[in-house]
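This is input-v6.txt. It holds compact mmCIF, C-alpha atoms.
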```txt
# COMPACT_ATOMS: atom_id res chain seq x y z
CA MET A 103 63.13 -0.60 -32.86
CA LYS A 104 64.25 2.96 -32.67
CA GLU A 105 61.33 4.00 -34.86
CA SER A 106 58.73 2.61 -32.49
CA LEU A 107 60.48 4.14 -29.50
CA VAL A 108 60.62 7.47 -31.28
CA ARG A 109 56.96 7.17 -32.20
CA SER A 110 55.92 6.57 -28.60
CA VAL A 111 58.16 9.36 -27.26
CA PHE A 112 56.62 11.83 -29.61
CA SER A 113 53.09 10.58 -29.00
CA ASN A 114 53.72 11.29 -25.36
CA VAL A 115 55.11 14.72 -25.92
CA ALA A 116 52.97 15.79 -28.88
CA SER A 117 50.40 17.88 -27.08
CA ASN A 118 52.95 19.60 -24.86
CA TYR A 119 55.65 19.83 -27.50
CA ASP A 120 55.60 23.57 -27.96
CA VAL A 121 55.50 24.30 -24.22
CA MET A 122 58.44 21.98 -23.62
CA ASN A 123 60.44 23.58 -26.42
CA ASP A 124 59.98 26.94 -24.77
CA ALA A 125 61.02 25.61 -21.38
CA MET A 126 64.07 23.67 -22.59
CA SER A 127 65.53 26.40 -24.74
CA MET A 128 64.16 29.31 -22.72
CA GLY A 129 62.20 30.48 -25.73
CA ILE A 130 65.33 30.68 -27.86
CA HIS A 131 64.12 27.97 -30.23
CA ARG A 132 61.85 30.60 -31.78
CA LEU A 133 64.87 32.74 -32.61
CA TRP A 134 66.66 29.76 -34.10
CA LYS A 135 63.71 29.02 -36.33
CA ASP A 136 63.34 32.68 -37.33
CA HIS A 137 67.00 32.73 -38.32
CA PHE A 138 66.60 29.43 -40.16
CA ILE A 139 63.88 30.82 -42.42
CA ARG A 140 65.69 34.14 -42.98
CA LYS A 141 68.74 32.18 -43.98
CA MET A 142 66.66 30.01 -46.30
CA ALA A 143 65.30 33.19 -47.90
CA PRO A 144 62.57 31.32 -49.79
CA ALA A 145 62.30 32.26 -53.45
CA PRO A 146 58.86 33.14 -54.82
CA ASN A 147 56.93 30.07 -56.03
CA ALA A 148 59.20 27.72 -54.11
CA LYS A 149 57.87 24.38 -52.87
CA LEU A 150 59.05 23.25 -49.47
CA LEU A 151 59.13 19.71 -48.17
CA ASP A 152 59.21 20.01 -44.42
CA VAL A 153 60.19 16.69 -42.89
CA ALA A 154 59.71 15.72 -39.26
CA GLY A 155 57.79 18.98 -39.33
CA GLY A 156 55.90 18.14 -36.21
CA THR A 157 53.76 21.02 -35.12
CA GLY A 158 54.54 23.23 -38.10
CA ASP A 159 56.82 25.99 -36.80
CA ILE A 160 58.94 25.98 -39.95
CA ALA A 161 56.01 25.52 -42.32
CA GLN A 162 54.22 28.51 -40.84
CA ARG A 163 57.26 30.76 -41.03
CA PHE A 164 57.85 29.72 -44.64
CA LEU A 165 54.30 30.57 -45.69
CA GLU A 166 54.36 33.86 -43.80
CA TYR A 167 57.61 34.79 -45.52
CA GLN A 168 56.11 33.99 -48.90
CA ASP A 169 52.97 36.01 -48.19
CA THR A 170 54.55 39.07 -46.65
CA ILE A 171 58.05 39.37 -48.09
CA ASN A 172 57.57 37.81 -51.53
CA SER A 173 53.92 38.77 -51.98
CA ASP A 174 53.43 35.25 -53.25
CA THR A 175 50.09 34.05 -52.01
CA LYS A 176 49.45 31.50 -54.73
CA GLU A 177 52.28 29.40 -56.10
CA SER A 178 54.44 28.54 -53.13
CA SER A 179 53.46 25.63 -50.93
CA VAL A 180 54.57 23.36 -48.12
CA HIS A 181 54.17 19.65 -47.72
CA MET A 182 54.64 18.40 -44.19
CA VAL A 183 55.81 14.89 -43.46
CA ASP A 184 56.12 13.28 -40.05
CA ILE A 185 56.54 9.70 -38.91
CA ASN A 186 54.23 10.32 -36.01
CA PRO A 187 50.49 10.67 -36.67
CA GLU A 188 49.83 12.52 -33.40
CA MET A 189 52.45 15.16 -34.13
CA LEU A 190 51.11 15.58 -37.65
CA ALA A 191 47.59 15.89 -36.26
CA GLU A 192 48.79 18.73 -34.03
CA GLY A 193 50.17 20.36 -37.15
CA GLU A 194 46.92 19.92 -39.05
CA LYS A 195 44.99 21.38 -36.14
CA ARG A 196 47.24 24.39 -36.11
CA PHE A 197 46.57 25.20 -39.74
CA ALA A 198 42.96 24.05 -39.79
CA GLY A 199 41.27 27.43 -40.06
CA SER A 200 43.97 29.15 -42.08
CA ARG A 201 43.70 30.56 -45.58
CA TRP A 202 46.68 28.37 -46.49
CA THR A 203 44.64 25.24 -45.93
CA GLN A 204 41.76 26.79 -47.86
CA ASP A 205 44.03 27.68 -50.78
CA GLY A 206 45.60 24.24 -50.80
CA ARG A 207 49.08 25.53 -50.02
CA ILE A 208 49.76 23.10 -47.21
CA GLY A 209 49.63 19.31 -47.24
CA PHE A 210 50.20 16.62 -44.64
CA THR A 211 51.38 13.02 -45.01
CA VAL A 212 52.53 10.50 -42.43
CA GLY A 213 55.82 9.09 -43.61
CA ASN A 214 59.35 7.97 -42.85
CA ALA A 215 62.14 10.40 -43.76
CA GLU A 216 64.35 7.47 -44.77
CA LYS A 217 61.86 6.29 -47.37
CA LEU A 218 59.65 8.95 -48.92
CA ASP A 219 58.01 6.66 -51.48
CA PHE A 220 55.10 8.95 -52.10
CA VAL A 221 57.38 11.82 -53.13
CA GLU A 222 58.54 11.93 -56.74
CA ASP A 223 62.13 12.59 -57.76
CA GLU A 224 63.10 16.22 -58.23
CA SER A 225 59.80 17.64 -57.08
CA PHE A 226 60.74 20.17 -54.41
CA ASP A 227 62.82 23.35 -54.36
CA VAL A 228 63.77 23.18 -50.73
CA TYR A 229 63.87 20.49 -48.07
CA SER A 230 63.93 21.25 -44.39
CA ILE A 231 64.30 19.05 -41.36
CA ALA A 232 64.27 20.89 -38.07
CA PHE A 233 65.04 19.04 -34.86
CA GLY A 234 64.04 15.78 -36.49
CA ILE A 235 67.07 14.11 -37.97
CA ARG A 236 68.64 13.12 -34.67
CA ASN A 237 65.66 10.83 -34.15
CA CYS A 238 66.19 8.96 -37.39
CA THR A 239 68.06 5.68 -37.23
CA HIS A 240 69.96 6.32 -40.45
CA PRO A 241 70.61 10.02 -41.01
CA ASP A 242 72.61 9.18 -44.13
CA ARG A 243 69.53 7.59 -45.72
CA VAL A 244 67.47 10.63 -44.83
CA VAL A 245 69.98 12.86 -46.58
CA LYS A 246 70.06 10.59 -49.65
CA GLU A 247 66.26 10.73 -49.89
CA ALA A 248 66.43 14.49 -49.57
CA TYR A 249 68.83 14.55 -52.52
CA ARG A 250 66.50 12.44 -54.60
CA VAL A 251 63.40 14.57 -54.07
CA LEU A 252 65.08 17.94 -54.63
CA LYS A 253 65.17 19.67 -58.00
CA PRO A 254 68.59 20.56 -59.46
CA GLY A 255 69.76 23.69 -57.68
CA GLY A 256 67.53 22.79 -54.77
CA ARG A 257 68.57 23.37 -51.17
CA PHE A 258 68.76 21.00 -48.23
CA MET A 259 68.63 22.62 -44.81
CA CYS A 260 68.90 20.93 -41.45
CA LEU A 261 68.44 22.61 -38.09
CA GLU A 262 69.61 20.39 -35.26
CA PHE A 263 71.20 20.28 -31.86
CA SER A 264 74.94 19.96 -32.13
CA ARG A 265 78.21 20.11 -30.22
CA VAL A 266 79.35 23.00 -28.06
CA GLU A 267 83.04 23.26 -28.71
CA ASN A 268 84.02 25.67 -25.94
CA PRO A 269 84.88 23.47 -22.90
CA VAL A 270 83.60 25.88 -20.25
CA LEU A 271 80.26 26.39 -21.95
CA ALA A 272 80.07 22.68 -22.64
CA GLN A 273 80.03 22.04 -18.89
CA VAL A 274 77.13 24.44 -18.36
CA TYR A 275 75.31 22.87 -21.26
CA ASP A 276 75.80 19.37 -19.83
CA LEU A 277 74.29 20.43 -16.52
CA HIS A 278 71.32 21.91 -18.34
CA SER A 279 70.84 18.78 -20.43
CA PHE A 280 71.17 16.13 -17.78
CA TYR A 281 69.57 17.84 -14.80
CA VAL A 282 67.33 20.67 -15.84
CA ILE A 283 65.64 19.24 -18.90
CA PRO A 284 64.43 15.92 -17.49
CA LYS A 285 63.23 17.74 -14.37
CA LEU A 286 61.26 20.14 -16.53
CA GLY A 287 59.86 17.14 -18.38
CA GLU A 288 58.72 15.70 -15.09
CA LEU A 289 57.14 18.94 -13.92
CA ILE A 290 55.54 20.24 -17.09
CA ALA A 291 54.68 17.16 -19.08
CA ASN A 292 54.79 14.58 -16.30
CA ASP A 293 57.15 12.53 -18.43
CA ARG A 294 60.77 12.39 -17.34
CA LYS A 295 61.74 9.40 -19.49
CA SER A 296 60.82 10.92 -22.83
CA TYR A 297 62.96 13.94 -22.09
CA GLU A 298 65.88 11.83 -20.96
CA TYR A 299 65.56 10.14 -24.35
CA LEU A 300 65.61 13.49 -26.10
CA VAL A 301 68.82 14.52 -24.34
CA GLU A 302 70.48 11.20 -25.21
CA SER A 303 69.51 11.54 -28.86
CA ILE A 304 71.22 14.92 -28.97
CA ARG A 305 74.46 13.42 -27.60
CA LYS A 306 74.46 10.60 -30.10
CA PHE A 307 74.07 12.70 -33.21
CA PRO A 308 77.27 13.34 -35.22
CA ALA A 309 79.23 16.53 -34.67
CA GLN A 310 79.08 19.44 -37.11
CA ARG A 311 81.94 18.47 -39.42
CA GLU A 312 80.98 14.83 -39.50
CA PHE A 313 77.42 15.59 -40.48
CA ALA A 314 78.61 18.01 -43.16
CA GLN A 315 80.59 15.13 -44.66
CA ILE A 316 77.52 12.88 -44.60
CA ILE A 317 75.72 15.58 -46.56
CA ARG A 318 78.52 15.74 -49.14
CA ASP A 319 78.60 11.95 -49.38
CA ALA A 320 74.95 12.00 -50.43
CA GLY A 321 75.92 14.16 -53.39
CA PHE A 322 75.21 17.64 -52.09
CA THR A 323 77.56 20.56 -52.63
CA THR A 324 78.44 22.47 -49.50
CA ILE A 325 79.81 26.00 -49.37
CA GLY A 326 82.60 26.70 -46.90
CA GLN A 327 82.27 24.42 -43.91
CA GLY A 328 78.68 23.65 -44.83
CA TYR A 329 77.24 24.64 -41.46
CA GLU A 330 76.58 27.61 -39.23
CA ASN A 331 76.67 27.39 -35.45
CA LEU A 332 74.01 29.12 -33.41
CA THR A 333 74.20 29.83 -29.68
CA PHE A 334 77.79 28.58 -29.27
CA GLY A 335 77.09 25.40 -31.18
CA THR A 336 74.18 24.10 -29.13
CA VAL A 337 72.39 24.22 -32.45
CA ALA A 338 73.71 24.16 -36.01
CA ILE A 339 72.22 24.78 -39.45
CA HIS A 340 73.65 22.55 -42.17
CA THR A 341 73.11 23.46 -45.83
CA GLY A 342 73.66 21.54 -49.05
CA TYR A 343 72.85 22.31 -52.69
CA LYS A 344 71.99 19.79 -55.38
CA PHE A 345 74.30 20.60 -58.28
CA ILE B 19 75.19 30.92 -61.61
CA LEU B 20 76.94 33.89 -60.05
CA ASP B 21 78.60 34.89 -63.31
CA HIS B 22 75.27 34.72 -65.11
CA ALA B 23 73.67 36.73 -62.30
CA LEU B 24 76.13 39.54 -62.98
CA THR B 25 74.49 39.98 -66.37
CA LYS B 26 71.19 40.64 -64.58
CA VAL B 27 72.52 43.41 -62.37
CA GLY B 28 71.75 46.09 -64.91
CA GLY B 29 68.07 45.25 -64.78
CA LEU B 30 67.50 43.86 -61.31
CA GLY B 31 70.32 45.39 -59.32
CA TRP B 32 72.65 43.89 -56.75
CA THR B 33 69.90 41.76 -55.28
CA ARG B 34 68.78 38.25 -54.58
CA GLU B 35 66.32 38.60 -57.48
CA SER B 36 69.22 38.78 -59.94
CA VAL B 37 70.59 35.49 -58.65
CA ILE B 38 67.17 33.82 -58.61
CA GLU B 39 66.56 34.81 -62.23
CA ALA B 40 70.04 33.69 -63.27
CA ALA B 41 69.57 30.30 -61.60
CA SER B 42 66.18 29.78 -63.24
CA GLU B 43 67.54 30.65 -66.67
CA LEU B 44 70.29 28.09 -66.25
CA GLY B 45 67.73 25.42 -65.43
CA TYR B 46 68.15 25.40 -61.67
CA SER B 47 65.63 25.95 -58.90
CA GLY B 48 65.42 29.56 -57.74
CA MET B 49 66.53 28.31 -54.34
CA ALA B 50 70.06 28.03 -55.72
CA HIS B 51 70.29 31.76 -54.96
CA GLY B 52 71.71 30.69 -51.62
CA VAL B 53 75.14 30.38 -53.24
CA ALA B 54 75.23 34.18 -53.08
CA GLU B 55 75.34 34.36 -49.31
CA GLY B 56 73.29 37.21 -47.96
CA GLY B 57 71.70 37.89 -51.34
CA GLY B 58 72.91 41.05 -53.07
CA ILE B 59 76.05 41.33 -51.00
CA GLY B 60 77.05 37.78 -51.93
CA LEU B 61 76.77 38.61 -55.62
CA LEU B 62 78.72 41.82 -55.10
CA SER B 63 81.44 39.96 -53.22
CA HIS B 64 81.75 37.55 -56.14
CA PHE B 65 82.08 40.48 -58.52
CA LEU B 66 84.83 42.07 -56.41
CA ASP B 67 86.81 38.82 -56.34
CA ARG B 68 86.49 38.39 -60.09
CA ALA B 69 87.33 42.02 -60.83
CA LEU B 70 90.56 41.76 -58.87
CA ASP B 71 91.50 38.47 -60.55
CA GLU B 72 90.79 39.86 -64.01
CA THR B 73 92.81 42.99 -63.24
CA CYS B 74 95.83 40.92 -62.21
CA ILE B 75 95.63 38.84 -65.38
CA GLU B 76 95.17 41.84 -67.63
CA VAL B 77 98.08 43.90 -66.32
CA ASP B 78 100.48 41.01 -66.16
CA ASP B 79 102.23 41.36 -69.48
CA GLN B 80 102.09 45.16 -69.75
CA LEU B 81 103.67 46.28 -66.50
CA HIS B 82 107.21 46.21 -67.83
CA GLU B 83 106.31 49.06 -70.21
CA PHE B 84 106.22 51.54 -67.33
CA ASP B 85 109.20 53.11 -65.64
CA SER B 86 108.05 54.28 -62.26
CA THR B 87 106.01 52.79 -59.47
CA GLY B 88 103.64 55.73 -59.81
CA ASP B 89 103.04 55.05 -63.51
CA ARG B 90 102.45 51.38 -62.86
CA LEU B 91 100.06 52.15 -60.02
CA ARG B 92 98.03 54.49 -62.18
CA PHE B 93 97.82 51.89 -64.92
CA ILE B 94 96.71 49.15 -62.52
CA CYS B 95 94.11 51.46 -60.98
CA ARG B 96 92.71 52.36 -64.38
CA THR B 97 92.53 48.68 -65.33
CA ARG B 98 90.65 47.83 -62.15
CA LEU B 99 88.31 50.79 -62.59
CA ARG B 100 87.47 49.56 -66.08
CA GLN B 101 86.19 46.35 -64.50
CA THR B 102 83.55 48.42 -62.69
CA LEU B 103 82.56 50.36 -65.81
CA PRO B 104 79.92 47.90 -67.12
CA TYR B 105 78.10 48.23 -63.81
CA VAL B 106 78.56 51.93 -63.32
CA LYS B 107 74.83 52.73 -63.43
CA ARG B 108 74.19 50.41 -60.50
CA TRP B 109 77.44 51.15 -58.71
CA PRO B 110 76.01 53.69 -56.21
CA GLU B 111 73.72 50.87 -55.07
CA ALA B 112 76.75 48.64 -54.57
CA ALA B 113 78.59 51.32 -52.64
CA ALA B 114 75.56 51.76 -50.39
CA LEU B 115 75.42 48.00 -49.76
CA LEU B 116 79.09 47.94 -48.83
CA ALA B 117 78.59 50.82 -46.44
CA GLN B 118 75.94 49.01 -44.41
CA PRO B 119 77.25 48.19 -40.94
CA GLU B 120 76.82 44.43 -41.25
CA ASN B 121 78.75 44.44 -44.53
CA VAL B 122 81.60 46.66 -43.44
CA PRO B 123 83.95 43.81 -42.43
CA LEU B 124 83.50 42.22 -45.83
CA ALA B 125 83.96 45.56 -47.59
CA MET B 126 87.13 46.23 -45.61
CA ASP B 127 88.47 42.81 -46.46
CA HIS B 128 87.97 43.36 -50.21
CA LEU B 129 89.40 46.87 -50.10
CA GLY B 130 92.43 45.76 -48.13
CA ARG B 131 93.16 42.95 -50.55
CA LEU B 132 92.66 45.24 -53.53
CA SER B 133 95.01 47.86 -52.19
CA SER B 134 97.68 45.34 -51.17
CA GLN B 135 97.52 43.61 -54.52
CA MET B 136 97.75 46.84 -56.50
CA TRP B 137 100.83 47.98 -54.53
CA TYR B 138 102.40 44.57 -54.93
CA LEU B 139 101.88 44.50 -58.69
CA ALA B 140 103.26 48.03 -58.94
CA GLY B 141 106.48 46.67 -57.54
CA ASP B 142 106.30 47.60 -53.93
CA ASP B 143 107.54 44.71 -51.86
CA SER B 144 109.25 46.69 -49.15
CA ALA B 145 108.33 46.39 -45.50
CA ARG B 146 108.76 50.03 -44.61
CA VAL B 147 107.05 51.70 -41.69
CA ASP B 148 104.65 53.60 -43.93
CA TRP B 149 103.21 50.41 -45.47
CA TYR B 150 99.83 50.85 -43.76
CA LEU B 151 99.73 54.49 -44.69
CA ARG B 152 100.36 53.75 -48.35
CA ARG B 153 97.73 51.03 -48.43
CA SER B 154 95.06 53.26 -46.88
CA ALA B 155 96.04 56.19 -49.05
CA LEU B 156 95.67 54.09 -52.19
CA ALA B 157 92.37 52.65 -50.97
CA ALA B 158 91.03 56.16 -50.38
CA VAL B 159 92.14 57.36 -53.82
CA TYR B 160 90.68 54.31 -55.51
CA LEU B 161 87.32 54.60 -53.77
CA SER B 162 86.91 58.29 -54.43
CA THR B 163 87.84 57.83 -58.07
CA GLU B 164 85.36 54.98 -58.46
CA LEU B 165 82.57 57.11 -57.02
CA TYR B 166 83.58 60.02 -59.25
CA MET B 167 83.41 57.65 -62.23
CA CYS B 168 79.76 56.93 -61.45
CA GLU B 169 78.87 60.52 -62.27
CA ASP B 170 81.38 61.14 -65.03
CA ARG B 171 79.82 61.71 -68.46
CA SER B 172 82.93 62.86 -70.26
CA PRO B 173 83.96 61.08 -73.46
CA ASN B 174 86.08 57.99 -72.67
CA HIS B 175 85.88 58.97 -69.02
CA GLU B 176 88.71 61.48 -69.52
CA TYR B 177 87.77 63.39 -66.40
CA THR B 178 87.98 60.28 -64.27
CA TRP B 179 91.53 59.57 -65.48
CA MET B 180 92.47 63.19 -64.80
CA PHE B 181 90.93 62.92 -61.33
CA LEU B 182 93.03 59.83 -60.70
CA LYS B 183 96.21 61.38 -62.02
CA LYS B 184 95.84 64.39 -59.76
CA ARG B 185 95.58 62.23 -56.69
CA LEU B 186 98.09 59.53 -57.45
```
In structure tokens, what does this structure look like?
Amino acid sequence: MKESLVRSVFSNVASNYDVMNDAMSMGIHRLWKDHFIRKMAPAPNAKLLDVAGGTGDIAQRFLEYQDTINSDTKESSVHMVDINPEMLAEGEKRFAGSRWTQDGRIGFTVGNAEKLDFVEDESFDVYSIAFGIRNCTHPDRVVKEAYRVLKPGGRFMCLEFSRVENPVLAQVYDLHSFYVIPKLGELIANDRKSYEYLVESIRKFPAQREFAQIIRDAGFTTIGQGYENLTFGTVAIHTGYKF
Amino acid sequence: ILDHALTKVGGLGWTRESVIEAASELGYSGMAHGVAEGGGIGLLSHFLDRALDETCIEVDDQLHEFDSTGDRLRFICRTRLRQTLPYVKRWPEAAALLAQPENVPLAMDHLGRLSSQMWYLAGDDSARVDWYLRRSALAAVYLSTELYMCEDRSPNHEYTWMFLKKRL
């Protein structure tokens, strides 16, 4: 049920996804993603599985990092997975003319994060899921699949909306979420309902500490708290290692 | 992984590359380098923690042989400095890393703990007014001696021990 709803929401928003991201986060989502990749610090030759990758923001940053900082223009690669064919198509379009597509360093498969049958055990160095896991019905299954497909020593990284702990800021954030965002959805994408859904999905997702525990329960090792808050906790990056 | 990475410092320096190579050699994905948070500085931080721990263990049963606080302090300092010796060729790099603005809080934290621990082991458990002064003075002496040691080519580092003795 949730999967088909999610699919239709994202089909509706697919073509305007990037514009809406800019409007909702006032462009800050780019900074979050930049920080995410810097934090990941991809090793040369690393293979990334980018799940719920949508339009490819993370995939692109990963490949750029490999090319420019690691001078690795051959071995490293990204495989993008998304449950929604329209979102994946946007991603494919984005990379269509690039040298990465020509060199075979980027792949695309429609798939469900909870059941990545086409991915072999222990075949990736790093797994990323940015702004996707809150849409999955069973985040714990997603994390378990991530554990399965990662090589020993591999890293799981999740970038997702989270809880603002400061009560004053939380009020401001609530106003933004429940009034501003759906209005923007109505004005920019002519689709209020999909954006109301998005805001709800953020509220429903577990808080930072709870999600860190889910990650440990799947077998990952976390360091310290296991997460880093960005922008007062509106967004958090969770990390786990397969040891 | 971090301990193995320390063996790579001689060749690859206090860098992420050292950790990546160490992880690979142990059979892990290079991405395990993330356990050294911030790359080189993470590895360095691990070294500083270990060096302090090893120093405490090593001095434990020999402290009673000294009579004065000063003697004990000198002995503890020398022991801790010996921990840095294997890395002395790459130590200027480490000092530069610690001096970077974003790393200063971490550097201060390690230095503070080092100084406090050395005073404590030397037998100083008073709460006198000059506690802060003594901690900072020791930290300054330790740091300058460590940097001096980087350049010291004398046999058995005699000059470094003389340098220390003059200041402590």
Which residues, written as an NGL selection string, have at least one atom at most 10 Å from A:Val228, with all atoms listed in the file counted and residues fewer than 2 positions away on the same chain left out? (:A and (142 or 144-145 or 148-152 or 180 or 225-226 or 230 or 248 or 251-253 or 255-259 or 343)) or (:B and (47-50))
Using all atoms listed in the file - which residues lie no farther than 10 Å from the point (93.2, 52.7, -60.3) in the file's frame? Write them as a list in words. Arg90, Leu91, Arg92, Phe93, Ile94, Cys95, Arg96, Thr97, Arg98, Leu99, Arg100, Ser133, Met136, Leu156, Ala157, Val159, Tyr160, Leu161, Thr163, Glu164, Trp179, Leu182, Lys183 and Leu186 of chain B
So what do you get for atom CA of A:Thr157 versus atom CA of A:Ile171, distance-wise? 22.9 Å
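Rounded to one decimal, atom CA of A:Glu262 and atom CA of A:Ala338 lie 5.6 Å from each other.
Relative to atom CA of B:Thr178, atom CA of B:Tyr166 is found at 6.7 Å.
The part of chain B that reaches within 10 Å of chain A is made up of Ile19, Arg34, Glu35, Ile38, Ala41, Ser42, Leu44, Gly45, Tyr46, Ser47, Gly48, Met49, Ala50, His51, Gly52, Val53, Glu55, Gly56 and Gly57 of chain B, counting all atoms listed in the file.
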Skip B:Ser63 itself and residues of its chain fewer than 3 positions away, then list as a count of residues only all residues within 10 Å of it, counting all atoms listed in the file. 14
